[in-house]
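**Q** Structure file run.txt (compact mmCIF, C-alpha atoms) right here:
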# COMPACT_ATOMS: atom_id res chain seq x y z
CA MET A 274 10.42 15.61 8.66
CA ARG A 275 6.84 16.47 7.80
CA LEU A 276 4.49 14.80 5.31
CA ASP A 277 1.76 16.77 3.54
CA VAL A 278 -0.80 15.26 1.16
CA ARG A 279 -3.28 16.70 -1.32
CA THR A 280 -5.39 15.24 -4.13
CA VAL A 281 -5.69 16.75 -7.61
CA ARG A 282 -7.57 15.65 -10.70
CA LEU A 283 -5.68 15.08 -13.93
CA ARG A 284 -7.80 15.37 -17.09
CA LEU A 285 -6.76 13.93 -20.41
CA ALA A 286 -6.69 16.08 -23.51
CA GLU A 287 -8.95 13.48 -25.16
CA PRO A 288 -10.32 10.12 -24.06
CA LEU A 289 -7.91 7.19 -24.29
CA ARG A 290 -9.63 3.98 -25.35
CA ILE A 291 -7.97 0.62 -24.78
CA SER A 292 -9.41 -2.89 -24.97
CA ARG A 293 -10.76 -2.92 -21.41
CA SER A 294 -11.63 0.72 -20.63
CA VAL A 295 -11.76 4.37 -21.61
CA THR A 296 -9.85 6.90 -19.51
CA VAL A 297 -10.87 10.56 -19.41
CA GLU A 298 -9.41 11.63 -16.04
CA ARG A 299 -7.48 10.30 -13.08
CA ASP A 300 -7.06 11.37 -9.47
CA ALA A 301 -3.49 11.95 -8.34
CA VAL A 302 -2.44 12.12 -4.71
CA ARG A 303 0.54 14.41 -4.35
CA LEU A 304 2.80 14.08 -1.33
CA ALA A 305 5.42 16.49 -0.05
CA VAL A 306 8.10 15.49 2.45
CA ARG A 307 9.63 18.56 4.12
CA HIS A 308 12.94 18.67 5.98
CA ASP A 309 15.36 21.50 6.81
CA GLY A 310 13.73 23.97 4.43
CA LEU A 311 13.65 21.58 1.45
CA THR A 312 10.69 19.66 0.00
CA GLY A 313 10.68 16.38 -1.88
CA HIS A 314 7.64 15.60 -4.02
CA GLY A 315 6.03 12.38 -5.20
CA GLU A 316 2.78 11.41 -6.90
CA ALA A 317 0.58 8.33 -6.61
CA VAL A 318 -2.17 8.06 -9.22
CA ALA A 319 -5.41 6.23 -8.55
CA SER A 320 -6.07 3.15 -10.67
CA GLY A 321 -9.16 0.99 -10.81
CA TYR A 322 -7.25 -1.77 -12.60
CA LEU A 323 -4.59 -1.83 -9.87
CA ARG A 324 -7.30 -1.59 -7.18
CA LEU A 325 -5.78 1.59 -5.83
CA PRO A 326 -8.44 4.29 -5.32
CA ALA A 327 -7.45 7.73 -4.10
CA GLU A 328 -9.11 7.02 -0.74
CA LEU A 329 -6.80 4.07 -0.14
CA ILE A 330 -3.74 6.10 -1.13
CA ARG A 331 -4.66 8.82 1.36
CA HIS A 332 -5.41 6.24 4.06
CA GLU A 333 -2.04 4.53 3.63
CA LEU A 334 -0.18 7.84 3.67
CA GLY A 335 -2.05 8.85 6.80
CA GLY A 336 -0.96 5.63 8.48
CA LEU A 337 2.64 6.19 7.35
CA ARG A 338 2.84 9.81 8.53
CA PRO A 339 3.64 9.31 12.27
CA ALA A 340 6.44 6.81 11.64
CA LEU A 341 7.92 8.80 8.75
CA GLU A 342 7.90 12.02 10.72
CA ARG A 343 9.75 10.34 13.60
CA LEU A 344 12.69 9.43 11.35
CA PRO A 345 15.65 11.81 11.61
CA ASP A 346 16.23 12.53 7.91
CA PRO A 347 15.28 11.39 4.40
CA ASP A 348 18.44 9.30 3.98
CA GLN A 349 17.43 7.13 6.93
CA ALA A 350 13.85 6.94 5.66
CA LEU A 351 15.02 5.88 2.19
CA ALA A 352 17.27 3.19 3.67
CA GLU A 353 14.43 1.77 5.76
CA LEU A 354 12.04 1.85 2.79
CA ARG A 355 14.50 -0.08 0.64
CA CYS A 356 15.13 -2.79 3.22
CA GLY A 357 11.39 -3.33 3.65
CA ALA A 358 11.12 -2.06 7.21
CA ALA A 359 7.78 -1.37 8.82
CA PRO A 360 5.66 0.60 8.10
CA PHE A 361 6.88 0.88 4.49
CA LYS A 362 6.37 -2.82 3.79
CA GLU A 363 2.62 -2.45 4.35
CA LEU A 364 2.21 0.13 1.58
CA SER A 365 0.62 -0.64 -1.79
CA ALA A 366 3.15 -0.66 -4.62
CA GLY A 367 1.94 2.64 -6.09
CA VAL A 368 2.09 4.39 -2.73
CA LEU A 369 5.53 2.94 -1.97
CA ALA A 370 6.81 4.20 -5.32
CA ALA A 371 5.48 7.70 -4.65
CA VAL A 372 7.01 7.84 -1.16
CA GLU A 373 10.34 6.64 -2.55
CA ALA A 374 10.17 9.31 -5.27
CA ALA A 375 9.61 12.09 -2.71
CA LEU A 376 12.50 10.83 -0.58
CA LEU A 377 14.80 10.56 -3.62
CA ASP A 378 13.81 14.09 -4.61
CA LEU A 379 14.64 15.34 -1.12
CA VAL A 380 17.89 13.37 -0.78
CA GLY A 381 19.03 14.63 -4.19
CA GLN A 382 18.27 18.22 -3.28
CA ARG A 383 20.21 17.89 -0.01
CA ALA A 384 23.19 16.44 -1.90
CA GLY A 385 22.90 18.89 -4.79
CA GLU A 386 22.69 15.96 -7.21
CA PRO A 387 20.06 14.82 -9.74
CA VAL A 388 18.50 11.44 -9.02
CA HIS A 389 20.18 9.72 -11.97
CA ARG A 390 23.56 10.37 -10.33
CA LEU A 391 22.31 8.95 -7.05
CA LEU A 392 21.42 5.84 -9.08
CA GLY A 393 24.90 5.52 -10.58
CA ARG A 394 24.47 7.28 -13.92
CA PRO A 395 26.75 10.36 -14.13
CA ALA A 396 25.46 11.59 -17.51
CA PRO A 397 21.98 13.06 -18.01
CA VAL A 398 19.42 10.70 -19.53
CA ALA A 399 17.72 11.48 -22.85
CA VAL A 400 15.76 8.73 -24.61
CA ALA A 401 13.03 8.42 -27.23
CA THR A 402 9.65 7.61 -25.74
CA ALA A 403 6.74 5.89 -27.41
CA ARG A 404 3.55 7.89 -27.82
CA THR A 405 0.27 6.03 -27.50
CA ILE A 406 -2.48 6.00 -30.11
CA GLY A 407 -5.68 4.56 -28.66
CA ILE A 408 -8.32 2.40 -30.29
CA GLU A 409 -9.45 4.86 -32.95
CA PRO A 410 -10.80 4.64 -36.50
CA PRO A 411 -7.91 4.22 -38.95
CA ALA A 412 -8.27 7.72 -40.44
CA ARG A 413 -8.14 9.37 -37.02
CA ALA A 414 -5.18 7.20 -35.98
CA ALA A 415 -3.39 8.19 -39.18
CA ASP A 416 -3.98 11.88 -38.47
CA GLN A 417 -2.51 11.45 -34.99
CA ALA A 418 0.48 9.58 -36.38
CA THR A 419 1.14 12.30 -38.94
CA ARG A 420 1.12 15.00 -36.26
CA LEU A 421 3.27 13.00 -33.86
CA ALA A 422 5.87 12.14 -36.50
CA ALA A 423 6.04 15.81 -37.50
CA ALA A 424 6.61 16.74 -33.85
CA GLY A 425 9.59 14.38 -33.63
CA PHE A 426 8.21 11.09 -32.31
CA THR A 427 10.07 8.08 -33.67
CA VAL A 428 8.22 5.40 -31.64
CA LEU A 429 4.43 4.99 -31.75
CA LYS A 430 2.44 2.51 -29.66
CA VAL A 431 -0.87 1.47 -31.18
CA LYS A 432 -3.57 0.04 -28.93
CA ALA A 433 -5.44 -3.04 -30.12
CA GLY A 434 -8.28 -5.24 -28.90
CA SER A 435 -11.20 -4.22 -31.12
CA ALA A 436 -14.07 -6.69 -31.40
CA ASP A 437 -12.90 -7.38 -34.96
CA PRO A 438 -9.10 -7.80 -35.17
CA ALA A 439 -9.29 -6.62 -38.77
CA ASP A 440 -10.02 -3.15 -37.37
CA ASP A 441 -6.79 -3.29 -35.38
CA LEU A 442 -4.82 -4.33 -38.42
CA ALA A 443 -6.35 -1.51 -40.46
CA ARG A 444 -5.37 0.96 -37.71
CA VAL A 445 -1.78 -0.26 -37.65
CA ARG A 446 -1.50 -0.13 -41.43
CA ALA A 447 -2.89 3.42 -41.45
CA VAL A 448 -0.36 4.49 -38.81
CA ARG A 449 2.47 2.82 -40.74
CA GLU A 450 1.49 4.64 -43.94
CA ALA A 451 1.18 7.98 -42.11
CA ALA A 452 4.48 7.61 -40.25
CA PRO A 453 6.67 5.30 -42.34
CA GLY A 454 9.83 6.11 -40.38
CA ALA A 455 8.42 5.37 -36.94
CA ARG A 456 9.02 2.22 -34.92
CA LEU A 457 5.68 0.61 -34.08
CA LEU A 458 4.68 -1.16 -30.88
CA LEU A 459 1.35 -2.94 -30.42
CA ASP A 460 -0.62 -3.30 -27.19
CA PRO A 461 -3.83 -5.37 -27.05
CA ASN A 462 -3.87 -5.20 -23.22
CA GLY A 463 -4.55 -8.92 -23.02
CA ALA A 464 -7.54 -8.88 -25.36
CA TRP A 465 -6.65 -11.93 -27.47
CA THR A 466 -6.82 -15.65 -26.85
CA ARG A 467 -3.70 -17.73 -27.28
CA GLU A 468 -5.02 -19.07 -30.58
CA GLN A 469 -5.77 -15.57 -31.86
CA ALA A 470 -2.27 -14.42 -30.94
CA HIS A 471 -0.69 -17.24 -32.95
CA LEU A 472 -2.83 -16.31 -35.96
CA LEU A 473 -2.61 -12.53 -35.74
CA LEU A 474 1.00 -11.78 -34.79
CA PRO A 475 2.46 -12.74 -38.21
CA ALA A 476 0.05 -10.30 -39.89
CA PHE A 477 1.03 -7.48 -37.52
CA ALA A 478 4.69 -8.29 -38.01
CA ALA A 479 4.17 -7.99 -41.76
CA ALA A 480 2.52 -4.60 -41.16
CA GLY A 481 5.70 -3.33 -39.50
CA VAL A 482 5.07 -3.89 -35.79
CA GLU A 483 8.36 -4.24 -33.89
CA ALA A 484 7.07 -5.77 -30.62
CA VAL A 485 3.81 -6.59 -28.86
CA GLU A 486 2.80 -6.09 -25.23
CA GLN A 487 0.63 -8.61 -23.39
CA PRO A 488 -1.22 -10.09 -26.37
CA ILE A 489 -3.23 -12.55 -24.24
CA ALA A 490 -5.15 -12.27 -20.98
CA PRO A 491 -2.95 -12.23 -17.88
CA GLY A 492 -2.93 -15.04 -15.38
CA ASP A 493 -1.29 -17.82 -17.37
CA PRO A 494 2.45 -17.13 -17.77
CA ASP A 495 2.98 -20.53 -19.40
CA ALA A 496 0.55 -19.58 -22.17
CA LEU A 497 2.27 -16.21 -22.62
CA ALA A 498 5.63 -17.97 -22.85
CA ALA A 499 4.19 -20.30 -25.49
CA VAL A 500 3.00 -17.30 -27.51
CA ALA A 501 6.44 -15.71 -27.20
CA GLU A 502 8.14 -18.89 -28.39
CA ARG A 503 6.20 -18.89 -31.66
CA SER A 504 5.92 -15.14 -32.19
CA PRO A 505 7.76 -13.54 -35.13
CA ILE A 506 8.22 -10.39 -33.03
CA PRO A 507 9.26 -9.82 -29.39
CA VAL A 508 6.55 -10.42 -26.79
CA ILE A 509 6.64 -8.12 -23.75
CA ALA A 510 4.76 -9.09 -20.59
CA ASP A 511 2.84 -6.22 -18.99
CA GLU A 512 -0.20 -7.22 -16.94
CA ASP A 513 1.57 -10.53 -16.24
CA ALA A 514 4.69 -8.71 -14.98
CA VAL A 515 3.56 -6.87 -11.88
CA ASP A 516 6.40 -7.44 -9.42
CA TYR A 517 9.74 -9.11 -8.75
CA GLU A 518 8.28 -12.61 -8.46
CA ASP A 519 6.41 -12.22 -11.77
CA ALA A 520 9.52 -11.00 -13.56
CA CYS A 521 11.62 -13.88 -12.23
CA ARG A 522 8.92 -16.35 -13.30
CA LEU A 523 9.03 -14.95 -16.85
CA ALA A 524 12.80 -14.45 -17.15
CA GLY A 525 14.10 -16.18 -20.27
CA ARG A 526 10.57 -17.11 -21.36
CA VAL A 527 9.42 -13.80 -22.87
CA HIS A 528 11.41 -11.18 -24.71
CA GLY A 529 10.66 -8.32 -22.34
CA VAL A 530 8.82 -7.19 -19.22
CA ASN A 531 7.07 -3.85 -18.97
CA LEU A 532 7.82 -2.45 -15.52
CA LYS A 533 5.75 0.40 -14.19
CA LEU A 534 6.92 1.92 -10.91
CA ALA A 535 3.32 2.03 -9.70
CA LYS A 536 3.03 -1.74 -10.28
CA CYS A 537 6.33 -3.02 -8.91
CA GLY A 538 6.97 -0.59 -6.04
CA GLY A 539 9.42 2.00 -7.27
CA VAL A 540 12.94 2.66 -8.51
CA HIS A 541 14.66 0.24 -6.13
CA GLN A 542 12.40 -2.59 -7.28
CA VAL A 543 13.12 -1.89 -10.96
CA LEU A 544 16.85 -2.10 -10.23
CA ARG A 545 16.34 -5.31 -8.28
CA ILE A 546 14.36 -6.84 -11.15
CA LEU A 547 16.95 -5.73 -13.69
CA ALA A 548 19.65 -7.53 -11.73
CA ALA A 549 17.53 -10.69 -11.69
CA LEU A 550 16.91 -10.50 -15.46
CA ARG A 551 20.56 -10.03 -16.37
CA GLY A 552 21.73 -12.74 -18.73
CA SER A 553 18.27 -14.26 -19.17
CA GLY A 554 17.56 -12.74 -22.58
CA THR A 555 14.52 -10.90 -21.21
CA GLU A 556 14.87 -7.15 -21.59
CA LEU A 557 13.29 -4.15 -19.90
CA MET A 558 10.48 -1.92 -21.05
CA LEU A 559 9.70 1.05 -18.83
CA GLY A 560 6.04 2.03 -18.87
CA CYS A 561 3.74 4.29 -16.90
CA LEU A 562 0.20 5.18 -15.99
CA VAL A 563 -1.44 8.45 -16.96
CA ALA A 564 0.30 10.86 -14.59
CA SER A 565 1.85 14.31 -14.41
CA SER A 566 5.51 15.03 -15.13
CA LEU A 567 6.09 14.62 -11.39
CA GLY A 568 4.72 11.08 -11.51
CA ILE A 569 6.72 10.15 -14.64
CA ALA A 570 10.03 11.73 -13.58
CA PRO A 571 11.43 8.89 -11.42
CA ALA A 572 11.19 6.46 -14.35
CA VAL A 573 12.92 8.95 -16.67
CA HIS A 574 15.98 8.80 -14.40
CA LEU A 575 16.08 5.04 -15.15
CA ALA A 576 15.15 5.17 -18.81
CA ASP A 577 18.60 4.56 -20.32
CA ARG A 578 18.49 1.06 -18.83
CA ALA A 579 15.49 0.03 -20.96
CA ARG A 580 15.27 -1.32 -24.52
CA TRP A 581 11.75 0.07 -24.91
CA VAL A 582 10.56 3.30 -23.25
CA ASP A 583 6.89 4.25 -22.96
CA LEU A 584 6.84 7.28 -20.66
CA ASP A 585 4.17 9.44 -22.25
CA GLY A 586 1.57 9.60 -19.44
CA HIS A 587 2.14 13.33 -18.92
CA LEU A 588 1.80 14.00 -22.64
CA LEU A 589 -1.79 12.73 -22.61
CA LEU A 590 -2.96 15.43 -20.19
CA ALA A 591 -4.92 18.55 -21.07
CA ASP A 592 -2.84 20.48 -18.52
CA ASP A 593 0.27 19.07 -16.87
CA PRO A 594 0.74 20.75 -13.45
CA TRP A 595 4.48 19.98 -13.50
CA GLN A 596 7.25 20.44 -16.06
CA GLY A 597 10.86 19.54 -16.65
CA ILE A 598 11.15 16.12 -18.32
CA GLY A 599 10.20 17.20 -21.86
CA GLY A 600 8.67 14.68 -24.20
CA THR A 601 6.69 16.87 -26.60
CA ASP A 602 9.39 16.32 -29.25
CA GLY A 603 9.46 12.56 -28.69
CA THR A 604 12.35 12.57 -26.20
CA VAL A 605 12.15 12.53 -22.40
CA ARG A 606 15.10 13.97 -20.50
CA THR A 607 16.37 14.27 -16.96
CA PRO A 608 16.54 17.94 -15.94
CA ASP A 609 19.85 19.51 -14.94
CA ARG A 610 18.61 20.17 -11.42
CA ALA A 611 19.02 18.44 -8.09
CA GLY A 612 16.53 15.76 -7.08
CA LEU A 613 13.89 14.72 -9.58
CA GLY A 614 14.33 18.10 -11.23
CA VAL A 615 10.70 18.82 -12.04
CA LEU A 616 9.09 22.17 -11.24
CA PRO A 617 5.49 23.36 -10.98
CA ALA A 618 4.11 24.59 -14.29
CA PRO A 619 3.43 28.33 -14.21
CA ALA A 620 -0.34 27.81 -14.37
CA ALA A 621 -0.23 25.36 -11.45
CA GLY A 622 0.00 28.19 -8.92
CA PRO A 623 1.82 28.44 -5.60
CA ALA A 624 0.04 25.45 -4.05
CA ALA A 625 2.09 23.12 -6.22
CA GLY A 626 5.39 24.78 -5.41
CA ARG A 627 8.42 23.47 -3.61
Could you render the structure as structure tokens?

**A**
Amino acid sequence: MRLDVRTVRLRLAEPLRISRSVTVERDAVRLAVRHDGLTGHGEAVASGYLRLPAELIRHELGGLRPALERLPDPDQALAELRCGAAPFKELSAGVLAAVEAALLDLVGQRAGEPVHRLLGRPAPVAVATARTIGIEPPARAADQATRLAAAGFTVLKVKAGSADPADDLARVRAVREAAPGARLLLDPNGAWTREQAHLLLPAFAAAGVEAVEQPIAPGDPDALAAVAERSPIPVIADEDAVDYEDACRLAGRVHGVNLKLAKCGGVHQVLRILAALRGSGTELMLGCLVASSLGIAPAVHLADRARWVDLDGHLLLADDPWQGIGGTDGTVRTPDRAGLGVLPAPAAGPAAGR
């Protein structure tokens, strides 16, 4: 096998403002694993919040290359990755997820099967995804909601965390009025105190919010559990639910955990966490970072296992260099092709090709 790596820059169609930052672009490190004339692709996106710069991604992949290229085939590599063998166990979660994605893509192509079948789901996956509306003035948020509802979106996620919570409530009410048929999710990204959460969540529930992600600052799972116990709507841990240990700590204490492959380490870790959550009353949300369709695709193959799906990272881009998982009509789908099923977008050029 051979591993090739290149870095590309993904630019958003418009800035995305959340409580702790504004995102306008993101570096993505694309990896290609080649074997017997086939190529499996994966993508690791840089993240300041996750302390994963592009330089570190490239460094880790460079360290992995000799060991990976000594393995006889992608099936063996995938087995060693999943049992935590060296050197895979030294990789950051986002890099591990990208390597796993490339190997799954390659294994699926060799078998002539889409990844969802490799994961035990015979039927193609098609699920409604949330579409994010950032911290915007209410009128602008309402305009976005109107356009998204007209395009087919039935789930809208509204960011919160303004200096004045009344601004957040006005934004949610404007979105509700503009898209009365949409399910609403709220995401303050940990901007509130515990006391604020107790005061504010009833008002947001009255405004039509279905569930809230990480209302308070991460780092105190007991406090988050206390908020969940009193909340009139489901509380989903996000920043407090990074990996398997976090999810087990929160099982039965919050209503959901938002798993991102780049946080927890990939598809196999999501399945491991799901098994641990079974019967606890804590359900799965599948989320993502801003990424291309290539970076989002592995999670789409898992999406029918989640109660809440927020896989819109590729929809936020000005130009997505990959295609195949849909989403512009509010539904993400697994392609009817072997492997991950995504293909380079026509404008991406031959450098992105298989």

**Q** From the set A:Val448, A:Ala476, A:Ile408, A:Ala464, which residue has the shortest atom-to-atom contact distance to Ala422 in chain A, counting all atoms listed in the file?

**A**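 Result for the nearest residue to Ala422 in chain A: A:Val448.
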
**Q** With all atoms listed in the file as the atoms that count, which of A:Leu421, A:Ala579, A:Ala570, A:Leu562 lies nearest to Val530 in chain A?

**A** A:Ala579

**Q** With only C-alpha atoms as the basis for distance, which of A:Pro387, A:Gly313, A:Gly335, A:Gly560 is at the shortest distance from Gly586 in chain A?

**A** A:Gly560

**Q** Using only the atoms of range 473-492 of chain A listed in the file, plus 3 Å on each side, state the axis-aligned box centre and edge lengths in Å rounded to one decimal, as lines of an AutoDock Vina configuration file.

**A**
center_x = 1.6
center_y = -9.2
center_z = -28.6
size_x = 19.5
size_y = 17.7
size_z = 32.4

**Q** Find the distance between CA of Ala374 in chain A and CA of Pro571 in chain A and write it in Å to one decimal.

**A**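 Atom-to-atom, CA of Ala374 in chain A to CA of Pro571 in chain A, that is 6.3 Å.
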
**Q** Find the residue from A:Thr296, A:Pro411, A:Lys432, A:Arg275 that sits nearest to Leu341 in chain A; use only C-alpha atoms when measuring.

**A**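 Looking at the shortest contact to Leu341 in chain A, the residue is A:Arg275.
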
**Q** At a cut-off of 8 Å, can you tabulate as JSON lines every residue of range 542-609 of chain A near range 506-524 of chain A together with its closest atom pair and the distance in Å to one decimal, using only C-alpha atoms and ordering rows by chain then number?

**A**
{"residue": "A:Gln542", "atom": "CA", "partner": "A:Tyr517", "partner_atom": "CA", "distance": 7.2}
{"residue": "A:Arg545", "atom": "CA", "partner": "A:Tyr517", "partner_atom": "CA", "distance": 7.6}
{"residue": "A:Ile546", "atom": "CA", "partner": "A:Tyr517", "partner_atom": "CA", "distance": 5.7}
{"residue": "A:Ala549", "atom": "CA", "partner": "A:Cys521", "partner_atom": "CA", "distance": 6.7}
{"residue": "A:Leu550", "atom": "CA", "partner": "A:Ala524", "partner_atom": "CA", "distance": 5.9}
{"residue": "A:Ser553", "atom": "CA", "partner": "A:Ala524", "partner_atom": "CA", "distance": 5.8}
{"residue": "A:Gly554", "atom": "CA", "partner": "A:Ala524", "partner_atom": "CA", "distance": 7.4}
{"residue": "A:Thr555", "atom": "CA", "partner": "A:Ala524", "partner_atom": "CA", "distance": 5.7}
{"residue": "A:Met558", "atom": "CA", "partner": "A:Ile509", "partner_atom": "CA", "distance": 7.8}

**Q** Quick one: residues within 7 Å of Lys533 in chain A, only C-alpha atoms, excluding same-chain residues fewer than 3 positions away - as number ranges by chain?

**A** A: 536-537, 559-561

**Q** Considering all atoms listed in the file, can you say which of A:Val573, A:Val445, A:Leu458, A:Leu289 comes closest to His389 in chain A?

**A**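 Counting all atoms listed in the file, the residue closest to His389 in chain A is A:Val573.
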
**Q** Would you pick out the contacts of Ala576 in chain A at 12 Å or less, using only C-alpha atoms, so that residues sharing its chain but fewer than 6 positions from it are not included, and give the list as a PyMOL selection string?

**A** chain A and resi 389+392+394+397-402+532-534+540+543-544+557-561+569-570+582-584+598+604-607

**Q** Can you tell me, as a list in words, what residues are no more than 12 Å from Arg503 in chain A when counting only C-alpha atoms, ignoring any on the same chain fewer than 5 positions away?

**A**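 So the residues in contact are Arg467, Glu468, Ala470, His471, Leu472, Leu473, Leu474, Pro475, Ala496, Leu497, Ala498, Val508, Arg526, Val527 and His528 of chain A.
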